[in-house]
Every structure is written in C-alpha cells, then in structure tokens.
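Student: File upload.txt below, compact mmCIF, N, CA and C atoms:
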```
# COMPACT_ATOMS: atom_id res chain seq x y z
N MET U 1 186.57 125.00 187.09
CA MET U 1 187.39 126.20 187.00
C MET U 1 186.62 127.31 186.28
N ALA U 2 185.73 126.93 185.38
CA ALA U 2 185.01 127.93 184.59
C ALA U 2 183.98 128.68 185.43
N TYR U 3 183.37 128.01 186.41
CA TYR U 3 182.31 128.65 187.19
C TYR U 3 182.78 129.90 187.94
N PRO U 4 183.86 129.83 188.74
CA PRO U 4 184.28 131.05 189.46
C PRO U 4 184.72 132.16 188.52
N ILE U 5 185.33 131.80 187.39
CA ILE U 5 185.74 132.82 186.43
C ILE U 5 184.51 133.49 185.83
N ALA U 6 183.50 132.69 185.48
CA ALA U 6 182.26 133.24 184.92
C ALA U 6 181.57 134.16 185.91
N ILE U 7 181.59 133.81 187.19
CA ILE U 7 180.97 134.66 188.22
C ILE U 7 181.67 136.02 188.25
N GLU U 8 183.00 136.02 188.20
CA GLU U 8 183.74 137.29 188.18
C GLU U 8 183.41 138.10 186.93
N LEU U 9 183.26 137.43 185.80
CA LEU U 9 182.89 138.14 184.57
C LEU U 9 181.53 138.81 184.72
N ASN U 10 180.62 138.12 185.36
CA ASN U 10 179.28 138.69 185.57
C ASN U 10 179.34 139.95 186.43
N ILE U 11 180.28 139.99 187.36
CA ILE U 11 180.40 141.14 188.25
C ILE U 11 181.18 142.28 187.59
N LEU U 12 182.30 141.96 186.95
CA LEU U 12 183.23 142.98 186.46
C LEU U 12 183.00 143.40 185.02
N ASP U 13 182.43 142.54 184.18
CA ASP U 13 182.17 142.83 182.76
C ASP U 13 183.43 143.35 182.05
N PRO U 14 184.51 142.54 182.01
CA PRO U 14 185.76 143.01 181.41
C PRO U 14 185.79 142.82 179.89
N ASP U 15 186.74 143.48 179.26
CA ASP U 15 187.00 143.28 177.83
C ASP U 15 188.07 142.21 177.62
N PHE U 16 188.93 142.03 178.63
CA PHE U 16 190.01 141.05 178.57
C PHE U 16 189.97 140.18 179.80
N VAL U 17 190.29 138.92 179.64
CA VAL U 17 190.38 137.99 180.76
C VAL U 17 191.77 137.37 180.72
N ILE U 18 192.54 137.60 181.76
CA ILE U 18 193.88 137.03 181.85
C ILE U 18 193.78 135.77 182.69
N LEU U 19 194.14 134.64 182.10
CA LEU U 19 194.15 133.37 182.81
C LEU U 19 195.57 133.12 183.30
N GLY U 20 195.79 133.39 184.57
CA GLY U 20 197.14 133.31 185.13
C GLY U 20 197.39 132.02 185.87
N GLY U 21 198.65 131.76 186.11
CA GLY U 21 199.04 130.60 186.89
C GLY U 21 199.54 129.46 186.03
N SER U 22 199.94 128.40 186.70
CA SER U 22 200.57 127.29 185.99
C SER U 22 199.58 126.32 185.38
N VAL U 23 198.37 126.21 185.91
CA VAL U 23 197.42 125.23 185.39
C VAL U 23 197.00 125.54 183.96
N PRO U 24 196.51 126.76 183.63
CA PRO U 24 196.12 127.00 182.25
C PRO U 24 197.27 126.94 181.24
N SER U 25 198.50 127.06 181.70
CA SER U 25 199.63 127.02 180.78
C SER U 25 200.31 125.65 180.72
N MET U 26 199.73 124.65 181.38
CA MET U 26 200.28 123.30 181.32
C MET U 26 200.14 122.74 179.91
N PRO U 27 201.12 121.97 179.46
CA PRO U 27 200.99 121.33 178.15
C PRO U 27 199.76 120.42 178.13
N GLY U 28 198.97 120.55 177.10
CA GLY U 28 197.78 119.72 176.96
C GLY U 28 196.55 120.21 177.69
N PHE U 29 196.68 121.33 178.42
CA PHE U 29 195.50 121.86 179.13
C PHE U 29 194.47 122.31 178.08
N PRO U 30 193.20 121.95 178.26
CA PRO U 30 192.17 122.29 177.28
C PRO U 30 191.72 123.75 177.39
N LEU U 31 192.59 124.67 177.01
CA LEU U 31 192.33 126.10 177.16
C LEU U 31 191.09 126.54 176.38
N LYS U 32 190.93 126.05 175.16
CA LYS U 32 189.77 126.42 174.34
C LYS U 32 188.48 125.93 175.00
N THR U 33 188.49 124.75 175.56
CA THR U 33 187.31 124.22 176.27
C THR U 33 187.00 125.09 177.48
N LEU U 34 188.02 125.49 178.23
CA LEU U 34 187.82 126.37 179.37
C LEU U 34 187.19 127.68 178.94
N GLN U 35 187.71 128.28 177.87
CA GLN U 35 187.17 129.54 177.37
C GLN U 35 185.70 129.37 176.96
N ASP U 36 185.39 128.29 176.27
CA ASP U 36 184.01 128.04 175.85
C ASP U 36 183.09 127.87 177.05
N GLU U 37 183.54 127.16 178.06
CA GLU U 37 182.73 126.95 179.27
C GLU U 37 182.54 128.24 180.06
N ILE U 38 183.57 129.06 180.11
CA ILE U 38 183.46 130.35 180.80
C ILE U 38 182.37 131.19 180.13
N ILE U 39 182.44 131.30 178.81
CA ILE U 39 181.44 132.10 178.08
C ILE U 39 180.05 131.49 178.22
N HIS U 40 179.97 130.16 178.22
CA HIS U 40 178.68 129.48 178.35
C HIS U 40 178.02 129.80 179.69
N HIS U 41 178.80 129.88 180.76
CA HIS U 41 178.26 130.09 182.10
C HIS U 41 178.16 131.56 182.50
N ALA U 42 178.71 132.45 181.72
CA ALA U 42 178.63 133.88 182.04
C ALA U 42 177.33 134.47 181.49
N TYR U 43 176.74 135.34 182.24
CA TYR U 43 175.53 136.02 181.81
C TYR U 43 175.91 137.33 181.14
N LEU U 44 176.40 137.22 179.92
CA LEU U 44 176.87 138.38 179.19
C LEU U 44 176.02 138.58 177.94
N PRO U 45 175.81 139.82 177.53
CA PRO U 45 175.14 140.05 176.26
C PRO U 45 175.97 139.49 175.11
N GLU U 46 175.34 139.16 174.02
CA GLU U 46 176.05 138.60 172.86
C GLU U 46 177.23 139.47 172.44
N SER U 47 177.08 140.78 172.53
CA SER U 47 178.15 141.68 172.10
C SER U 47 179.40 141.56 172.97
N ASP U 48 179.26 141.09 174.21
CA ASP U 48 180.40 140.96 175.11
C ASP U 48 181.04 139.58 175.06
N ARG U 49 180.48 138.66 174.31
CA ARG U 49 180.99 137.29 174.29
C ARG U 49 182.25 137.14 173.45
N GLY U 50 182.69 138.21 172.80
CA GLY U 50 183.91 138.16 172.01
C GLY U 50 185.13 138.68 172.77
N MET U 51 185.07 138.66 174.10
CA MET U 51 186.18 139.18 174.90
C MET U 51 187.45 138.40 174.62
N ALA U 52 188.57 139.03 174.85
CA ALA U 52 189.86 138.39 174.60
C ALA U 52 190.34 137.65 175.83
N PHE U 53 190.74 136.41 175.65
CA PHE U 53 191.34 135.62 176.71
C PHE U 53 192.85 135.65 176.50
N LEU U 54 193.57 136.02 177.54
CA LEU U 54 195.03 136.13 177.46
C LEU U 54 195.65 135.20 178.49
N PRO U 55 196.22 134.07 178.06
CA PRO U 55 196.90 133.21 179.03
C PRO U 55 198.26 133.81 179.36
N SER U 56 198.56 133.94 180.64
CA SER U 56 199.87 134.48 181.03
C SER U 56 200.88 133.35 181.10
N ALA U 57 202.13 133.70 181.15
CA ALA U 57 203.19 132.70 181.24
C ALA U 57 203.15 132.04 182.61
N ALA U 58 203.52 130.79 182.64
CA ALA U 58 203.56 130.06 183.91
C ALA U 58 204.73 130.52 184.75
N ASN U 59 204.47 130.67 186.01
CA ASN U 59 205.57 130.90 186.96
C ASN U 59 205.12 130.38 188.31
N MET U 60 205.89 130.61 189.33
CA MET U 60 205.58 130.04 190.64
C MET U 60 204.54 130.84 191.41
N ALA U 61 204.14 131.98 190.92
CA ALA U 61 203.17 132.80 191.62
C ALA U 61 201.77 132.19 191.48
N PRO U 62 200.91 132.40 192.48
CA PRO U 62 199.52 131.95 192.35
C PRO U 62 198.87 132.63 191.16
N GLY U 63 197.77 132.06 190.67
CA GLY U 63 197.11 132.53 189.46
C GLY U 63 196.79 134.01 189.44
N VAL U 64 196.23 134.55 190.50
CA VAL U 64 195.85 135.96 190.52
C VAL U 64 197.08 136.85 190.48
N VAL U 65 198.12 136.49 191.22
CA VAL U 65 199.35 137.28 191.23
C VAL U 65 200.01 137.21 189.86
N CYS U 66 200.04 136.02 189.27
CA CYS U 66 200.63 135.85 187.94
C CYS U 66 199.88 136.69 186.90
N ALA U 67 198.57 136.70 186.97
CA ALA U 67 197.76 137.49 186.04
C ALA U 67 198.03 138.98 186.23
N ALA U 68 198.14 139.42 187.47
CA ALA U 68 198.42 140.84 187.74
C ALA U 68 199.79 141.23 187.21
N GLN U 69 200.79 140.37 187.41
CA GLN U 69 202.13 140.64 186.88
C GLN U 69 202.10 140.74 185.37
N TYR U 70 201.36 139.86 184.72
CA TYR U 70 201.23 139.86 183.27
C TYR U 70 200.59 141.16 182.80
N ALA U 71 199.51 141.58 183.46
CA ALA U 71 198.83 142.82 183.08
C ALA U 71 199.74 144.02 183.24
N LEU U 72 200.46 144.09 184.35
CA LEU U 72 201.36 145.22 184.58
C LEU U 72 202.51 145.22 183.58
N THR U 73 202.99 144.05 183.20
CA THR U 73 204.04 143.95 182.19
C THR U 73 203.53 144.46 180.85
N LYS U 74 202.32 144.05 180.47
CA LYS U 74 201.73 144.49 179.21
C LYS U 74 201.49 146.00 179.19
N LEU U 75 201.20 146.58 180.36
CA LEU U 75 200.99 148.01 180.46
C LEU U 75 202.30 148.79 180.56
N GLY U 76 203.43 148.07 180.66
CA GLY U 76 204.73 148.72 180.75
C GLY U 76 205.05 149.25 182.12
N ARG U 77 204.45 148.69 183.15
CA ARG U 77 204.67 149.19 184.52
C ARG U 77 205.60 148.29 185.32
N ILE U 78 206.07 147.20 184.72
CA ILE U 78 207.05 146.34 185.38
C ILE U 78 208.26 146.24 184.48
```
Represent the structure of the file as structure tokens.
Tutor:
Amino acid sequence: MAYPIAIELNILDPDFVILGGSVPSMPGFPLKTLQDEIIHHAYLPESDRGMAFLPSAANMAPGVVCAAQYALTKLGRI
C-alpha cells in the first residue's frame, strides 16, 4: 500500500496526505508503519519528510472519494 502512495508523493509533493477509505481506519491497522514506509519509499528532501498524514473517517466510499470528501469537509465546502 505504501508504494503507490509514495509514487504519488513523488509526483505531487504535498504538505498533507489524506489516507482515505476503510482499510487505514480499521481497528488495529498499522497506520504508523504505513506512514513510515511511505516516507521511506518517497524521494523527498529531508525538509519535506515532516508532512502531515490525516486519516479520514471510514465510510462506504472508495479511498480516493473518501479522502476528497474529508478534504472538502475540512475546507468547509461540504
């Protein structure tokens, strides 16, 4: 799961990463391990390795849709 996320980070260079969907919000999911692996596999300068990971609430929407809903909610647009 970390590899495709790291690839997107390499392309987009974001300050925040929203991990959407039901898998990252499952009880017992190793979220910290996922975050560490994402940073390990991303080709980011040291200064960018402190990005914020924001897990969104679980719902029935696919991960990308759930993350977008979370972002829009945080921005006050939903």
Student: Compare U:Ile39, U:Leu75, U:Leu19, U:Met26 by their minimum atom-to-atom distance to Leu54 of chain U, counting only N, CA and C atoms, and give me the closest one.
Tutor: U:Leu19
Student: So that I can check the secondary structure, give me every residue of segment 14-46 of chain U assigned strand (DSSP E or B) by backbone DSSP, as JSON, numbers by chain.
Tutor: {"U": [16, 17, 18, 19]}
Student: Report, in Å with one decimal, the straight-line distance from atom C of Leu9 of chain U to atom C of Arg77 of chain U.
Tutor: 25.9 Å
Student: Measuring atom to atom with only C-alpha atoms, identify which of U:Pro4, U:Pro55, U:Gly76, U:Pro45 is nearest to Ser22 of chain U.
Tutor: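 Checking each of U:Pro4, U:Pro55, U:Gly76, U:Pro45 against Ser22 of chain U, counting only C-alpha atoms, the winner is U:Pro55.
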Student: Residues within 12 Å of Met51 of chain U, please, as a PyMOL selection string. Count only C-alpha atoms; anything in the same chain fewer than 2 positions from it doesn't count.
Tutor: chain U and resi 9+13-18+35-36+38-39+42+44-49+53-54
Student: Assuming 5 Å of padding per side, give the centre and edge lengths of the axis-aligned box around every listed atom of segment 27-37 of chain U, in Å to one decimal and as AutoDock Vina command-line options.
Tutor:
```
--center_x 191.8 --center_y 124.6 --center_z 177.2 --size_x 28.6 --size_y 19.8 --size_z 15.7
```
Student: Please report the interatomic distance between atom CA of Tyr3 of chain U and atom CA of Leu72 of chain U in Å with one decimal.
Tutor: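 Atom CA of Tyr3 of chain U sits 25.4 Å away from atom CA of Leu72 of chain U.
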Student: Pick out the closest residue to Gln69 of chain U from this set: U:Ser56, U:Met1, U:Ala6, U:Ser25. Count all atoms listed in the file.
Tutor: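 Using all atoms listed in the file, the shortest distance to Gln69 of chain U belongs to U:Ser56.
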Student: Between atom N of Thr73 of chain U and atom CA of Leu12 of chain U, what is the spacing in Å?
Tutor: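 One can read the atom CA of Leu12 of chain U to atom N of Thr73 of chain U distance as 20.1 Å.
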Student: Which residues come within 7 Å of Val64 of chain U, counting only C-alpha atoms, excluding same-chain residues fewer than 3 positions away, as a PyMOL selection string?
Tutor: chain U and resi 20+67-68
Student: Pick from U:Val65, U:Ala2, U:Ala71, U:Ile7: nearest to Leu34 of chain U, with all atoms listed in the file counted?
Tutor: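 Among U:Val65, U:Ala2, U:Ala71, U:Ile7, it is U:Ala2 that comes nearest to Leu34 of chain U.
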Student: As a PDB file with N, CA and C atoms, in the frame of the given file, please: every residue in chain U that DSSP puts in helix (DSSP H, G or I).
Tutor:
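Now in part-v8.pdb:
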```pdb
ATOM      1  N   ALA U   2     185.730 126.930 185.380  1.00  0.00           N
ATOM      2  CA  ALA U   2     185.010 127.930 184.590  1.00  0.00           C
ATOM      3  C   ALA U   2     183.980 128.680 185.430  1.00  0.00           C
ATOM      4  N   TYR U   3     183.370 128.010 186.410  1.00  0.00           N
ATOM      5  CA  TYR U   3     182.310 128.650 187.190  1.00  0.00           C
ATOM      6  C   TYR U   3     182.780 129.900 187.940  1.00  0.00           C
ATOM      7  N   PRO U   4     183.860 129.830 188.740  1.00  0.00           N
ATOM      8  CA  PRO U   4     184.280 131.050 189.460  1.00  0.00           C
ATOM      9  C   PRO U   4     184.720 132.160 188.520  1.00  0.00           C
ATOM     10  N   ILE U   5     185.330 131.800 187.390  1.00  0.00           N
ATOM     11  CA  ILE U   5     185.740 132.820 186.430  1.00  0.00           C
ATOM     12  C   ILE U   5     184.510 133.490 185.830  1.00  0.00           C
ATOM     13  N   ALA U   6     183.500 132.690 185.480  1.00  0.00           N
ATOM     14  CA  ALA U   6     182.260 133.240 184.920  1.00  0.00           C
ATOM     15  C   ALA U   6     181.570 134.160 185.910  1.00  0.00           C
ATOM     16  N   ILE U   7     181.590 133.810 187.190  1.00  0.00           N
ATOM     17  CA  ILE U   7     180.970 134.660 188.220  1.00  0.00           C
ATOM     18  C   ILE U   7     181.670 136.020 188.250  1.00  0.00           C
ATOM     19  N   GLU U   8     183.000 136.020 188.200  1.00  0.00           N
ATOM     20  CA  GLU U   8     183.740 137.290 188.180  1.00  0.00           C
ATOM     21  C   GLU U   8     183.410 138.100 186.930  1.00  0.00           C
ATOM     22  N   LEU U   9     183.260 137.430 185.800  1.00  0.00           N
ATOM     23  CA  LEU U   9     182.890 138.140 184.570  1.00  0.00           C
ATOM     24  C   LEU U   9     181.530 138.810 184.720  1.00  0.00           C
ATOM     25  N   ASN U  10     180.620 138.120 185.360  1.00  0.00           N
ATOM     26  CA  ASN U  10     179.280 138.690 185.570  1.00  0.00           C
ATOM     27  C   ASN U  10     179.340 139.950 186.430  1.00  0.00           C
ATOM     28  N   ILE U  11     180.280 139.990 187.360  1.00  0.00           N
ATOM     29  CA  ILE U  11     180.400 141.140 188.250  1.00  0.00           C
ATOM     30  C   ILE U  11     181.180 142.280 187.590  1.00  0.00           C
ATOM     31  N   LEU U  12     182.300 141.960 186.950  1.00  0.00           N
ATOM     32  CA  LEU U  12     183.230 142.980 186.460  1.00  0.00           C
ATOM     33  C   LEU U  12     183.000 143.400 185.020  1.00  0.00           C
ATOM     34  N   LEU U  31     192.590 124.670 177.010  1.00  0.00           N
ATOM     35  CA  LEU U  31     192.330 126.100 177.160  1.00  0.00           C
ATOM     36  C   LEU U  31     191.090 126.540 176.380  1.00  0.00           C
ATOM     37  N   LYS U  32     190.930 126.050 175.160  1.00  0.00           N
ATOM     38  CA  LYS U  32     189.770 126.420 174.340  1.00  0.00           C
ATOM     39  C   LYS U  32     188.480 125.930 175.000  1.00  0.00           C
ATOM     40  N   THR U  33     188.490 124.750 175.560  1.00  0.00           N
ATOM     41  CA  THR U  33     187.310 124.220 176.270  1.00  0.00           C
ATOM     42  C   THR U  33     187.000 125.090 177.480  1.00  0.00           C
ATOM     43  N   LEU U  34     188.020 125.490 178.230  1.00  0.00           N
ATOM     44  CA  LEU U  34     187.820 126.370 179.370  1.00  0.00           C
ATOM     45  C   LEU U  34     187.190 127.680 178.940  1.00  0.00           C
ATOM     46  N   GLN U  35     187.710 128.280 177.870  1.00  0.00           N
ATOM     47  CA  GLN U  35     187.170 129.540 177.370  1.00  0.00           C
ATOM     48  C   GLN U  35     185.700 129.370 176.960  1.00  0.00           C
ATOM     49  N   ASP U  36     185.390 128.290 176.270  1.00  0.00           N
ATOM     50  CA  ASP U  36     184.010 128.040 175.850  1.00  0.00           C
ATOM     51  C   ASP U  36     183.090 127.870 177.050  1.00  0.00           C
ATOM     52  N   GLU U  37     183.540 127.160 178.060  1.00  0.00           N
ATOM     53  CA  GLU U  37     182.730 126.950 179.270  1.00  0.00           C
ATOM     54  C   GLU U  37     182.540 128.240 180.060  1.00  0.00           C
ATOM     55  N   ILE U  38     183.570 129.060 180.110  1.00  0.00           N
ATOM     56  CA  ILE U  38     183.460 130.350 180.800  1.00  0.00           C
ATOM     57  C   ILE U  38     182.370 131.190 180.130  1.00  0.00           C
ATOM     58  N   ILE U  39     182.440 131.300 178.810  1.00  0.00           N
ATOM     59  CA  ILE U  39     181.440 132.100 178.080  1.00  0.00           C
ATOM     60  C   ILE U  39     180.050 131.490 178.220  1.00  0.00           C
ATOM     61  N   HIS U  40     179.970 130.160 178.220  1.00  0.00           N
ATOM     62  CA  HIS U  40     178.680 129.480 178.350  1.00  0.00           C
ATOM     63  C   HIS U  40     178.020 129.800 179.690  1.00  0.00           C
ATOM     64  N   HIS U  41     178.800 129.880 180.760  1.00  0.00           N
ATOM     65  CA  HIS U  41     178.260 130.090 182.100  1.00  0.00           C
ATOM     66  C   HIS U  41     178.160 131.560 182.500  1.00  0.00           C
ATOM     67  N   GLU U  46     175.340 139.160 174.020  1.00  0.00           N
ATOM     68  CA  GLU U  46     176.050 138.600 172.860  1.00  0.00           C
ATOM     69  C   GLU U  46     177.230 139.470 172.440  1.00  0.00           C
ATOM     70  N   SER U  47     177.080 140.780 172.530  1.00  0.00           N
ATOM     71  CA  SER U  47     178.150 141.680 172.100  1.00  0.00           C
ATOM     72  C   SER U  47     179.400 141.560 172.970  1.00  0.00           C
ATOM     73  N   ASP U  48     179.260 141.090 174.210  1.00  0.00           N
ATOM     74  CA  ASP U  48     180.400 140.960 175.110  1.00  0.00           C
ATOM     75  C   ASP U  48     181.040 139.580 175.060  1.00  0.00           C
ATOM     76  N   GLY U  63     197.770 132.060 190.670  1.00  0.00           N
ATOM     77  CA  GLY U  63     197.110 132.530 189.460  1.00  0.00           C
ATOM     78  C   GLY U  63     196.790 134.010 189.440  1.00  0.00           C
ATOM     79  N   VAL U  64     196.230 134.550 190.500  1.00  0.00           N
ATOM     80  CA  VAL U  64     195.850 135.960 190.520  1.00  0.00           C
ATOM     81  C   VAL U  64     197.080 136.850 190.480  1.00  0.00           C
ATOM     82  N   VAL U  65     198.120 136.490 191.220  1.00  0.00           N
ATOM     83  CA  VAL U  65     199.350 137.280 191.230  1.00  0.00           C
ATOM     84  C   VAL U  65     200.010 137.210 189.860  1.00  0.00           C
ATOM     85  N   CYS U  66     200.040 136.020 189.270  1.00  0.00           N
ATOM     86  CA  CYS U  66     200.630 135.850 187.940  1.00  0.00           C
ATOM     87  C   CYS U  66     199.880 136.690 186.900  1.00  0.00           C
ATOM     88  N   ALA U  67     198.570 136.700 186.970  1.00  0.00           N
ATOM     89  CA  ALA U  67     197.760 137.490 186.040  1.00  0.00           C
ATOM     90  C   ALA U  67     198.030 138.980 186.230  1.00  0.00           C
ATOM     91  N   ALA U  68     198.140 139.420 187.470  1.00  0.00           N
ATOM     92  CA  ALA U  68     198.420 140.840 187.740  1.00  0.00           C
ATOM     93  C   ALA U  68     199.790 141.230 187.210  1.00  0.00           C
ATOM     94  N   GLN U  69     200.790 140.370 187.410  1.00  0.00           N
ATOM     95  CA  GLN U  69     202.130 140.640 186.880  1.00  0.00           C
ATOM     96  C   GLN U  69     202.100 140.740 185.370  1.00  0.00           C
ATOM     97  N   TYR U  70     201.360 139.860 184.720  1.00  0.00           N
ATOM     98  CA  TYR U  70     201.230 139.860 183.270  1.00  0.00           C
ATOM     99  C   TYR U  70     200.590 141.160 182.800  1.00  0.00           C
ATOM    100  N   ALA U  71     199.510 141.580 183.460  1.00  0.00           N
ATOM    101  CA  ALA U  71     198.830 142.820 183.080  1.00  0.00           C
ATOM    102  C   ALA U  71     199.740 144.020 183.240  1.00  0.00           C
ATOM    103  N   LEU U  72     200.460 144.090 184.350  1.00  0.00           N
ATOM    104  CA  LEU U  72     201.360 145.220 184.580  1.00  0.00           C
ATOM    105  C   LEU U  72     202.510 145.220 183.580  1.00  0.00           C
ATOM    106  N   THR U  73     202.990 144.050 183.200  1.00  0.00           N
ATOM    107  CA  THR U  73     204.040 143.950 182.190  1.00  0.00           C
ATOM    108  C   THR U  73     203.530 144.460 180.850  1.00  0.00           C
ATOM    109  N   LYS U  74     202.320 144.050 180.470  1.00  0.00           N
ATOM    110  CA  LYS U  74     201.730 144.490 179.210  1.00  0.00           C
ATOM    111  C   LYS U  74     201.490 146.000 179.190  1.00  0.00           C
TER     112      LYS U  74
END
```
Student: Quick one: segment 13-25 of chain U with N, CA, C and O atoms, as a CSV table (one decimal), in the first residue's frame?
Tutor:
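Written out: out00.csv:
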```csv
chain,number,residue,atom,x,y,z
U,13,ASP,N,4.2,16.2,-4.5
U,13,ASP,CA,5.0,16.9,-3.4
U,13,ASP,C,4.0,17.7,-2.5
U,13,ASP,O,4.1,18.9,-2.4
U,14,PRO,N,3.1,17.0,-1.8
U,14,PRO,CA,2.1,17.6,-1.0
U,14,PRO,C,2.6,18.0,0.4
U,14,PRO,O,3.6,17.4,0.8
U,15,ASP,N,1.9,18.8,1.1
U,15,ASP,CA,2.2,19.1,2.5
U,15,ASP,C,1.4,18.2,3.4
U,15,ASP,O,1.7,18.0,4.6
U,16,PHE,N,0.2,17.7,2.9
U,16,PHE,CA,-0.7,16.9,3.7
U,16,PHE,C,-1.0,15.7,2.8
U,16,PHE,O,-1.2,15.7,1.6
U,17,VAL,N,-1.1,14.5,3.5
U,17,VAL,CA,-1.5,13.3,2.8
U,17,VAL,C,-2.8,12.8,3.6
U,17,VAL,O,-2.7,12.5,4.8
U,18,ILE,N,-3.9,12.7,2.9
U,18,ILE,CA,-5.1,12.2,3.5
U,18,ILE,C,-5.2,10.7,3.1
U,18,ILE,O,-5.3,10.4,1.9
U,19,LEU,N,-5.2,9.8,4.1
U,19,LEU,CA,-5.4,8.4,3.9
U,19,LEU,C,-6.9,8.1,4.1
U,19,LEU,O,-7.4,8.0,5.2
U,20,GLY,N,-7.6,7.9,2.9
U,20,GLY,CA,-9.0,7.7,3.0
U,20,GLY,C,-9.4,6.3,2.8
U,20,GLY,O,-8.6,5.4,2.4
U,21,GLY,N,-10.6,6.0,3.1
U,21,GLY,CA,-11.2,4.7,3.0
U,21,GLY,C,-11.2,3.9,4.3
U,21,GLY,O,-10.8,4.3,5.3
U,22,SER,N,-11.7,2.7,4.2
U,22,SER,CA,-12.0,1.9,5.4
U,22,SER,C,-10.8,1.1,5.8
U,22,SER,O,-10.7,0.8,7.0
U,23,VAL,N,-9.8,0.8,5.0
U,23,VAL,CA,-8.7,0.0,5.4
U,23,VAL,C,-7.8,0.7,6.4
U,23,VAL,O,-7.5,0.2,7.5
U,24,PRO,N,-7.3,2.0,6.1
U,24,PRO,CA,-6.5,2.6,7.1
U,24,PRO,C,-7.2,3.0,8.4
U,24,PRO,O,-6.5,3.2,9.4
U,25,SER,N,-8.5,3.0,8.4
U,25,SER,CA,-9.2,3.3,9.7
U,25,SER,C,-9.7,2.0,10.4
U,25,SER,O,-10.4,2.1,11.4
```
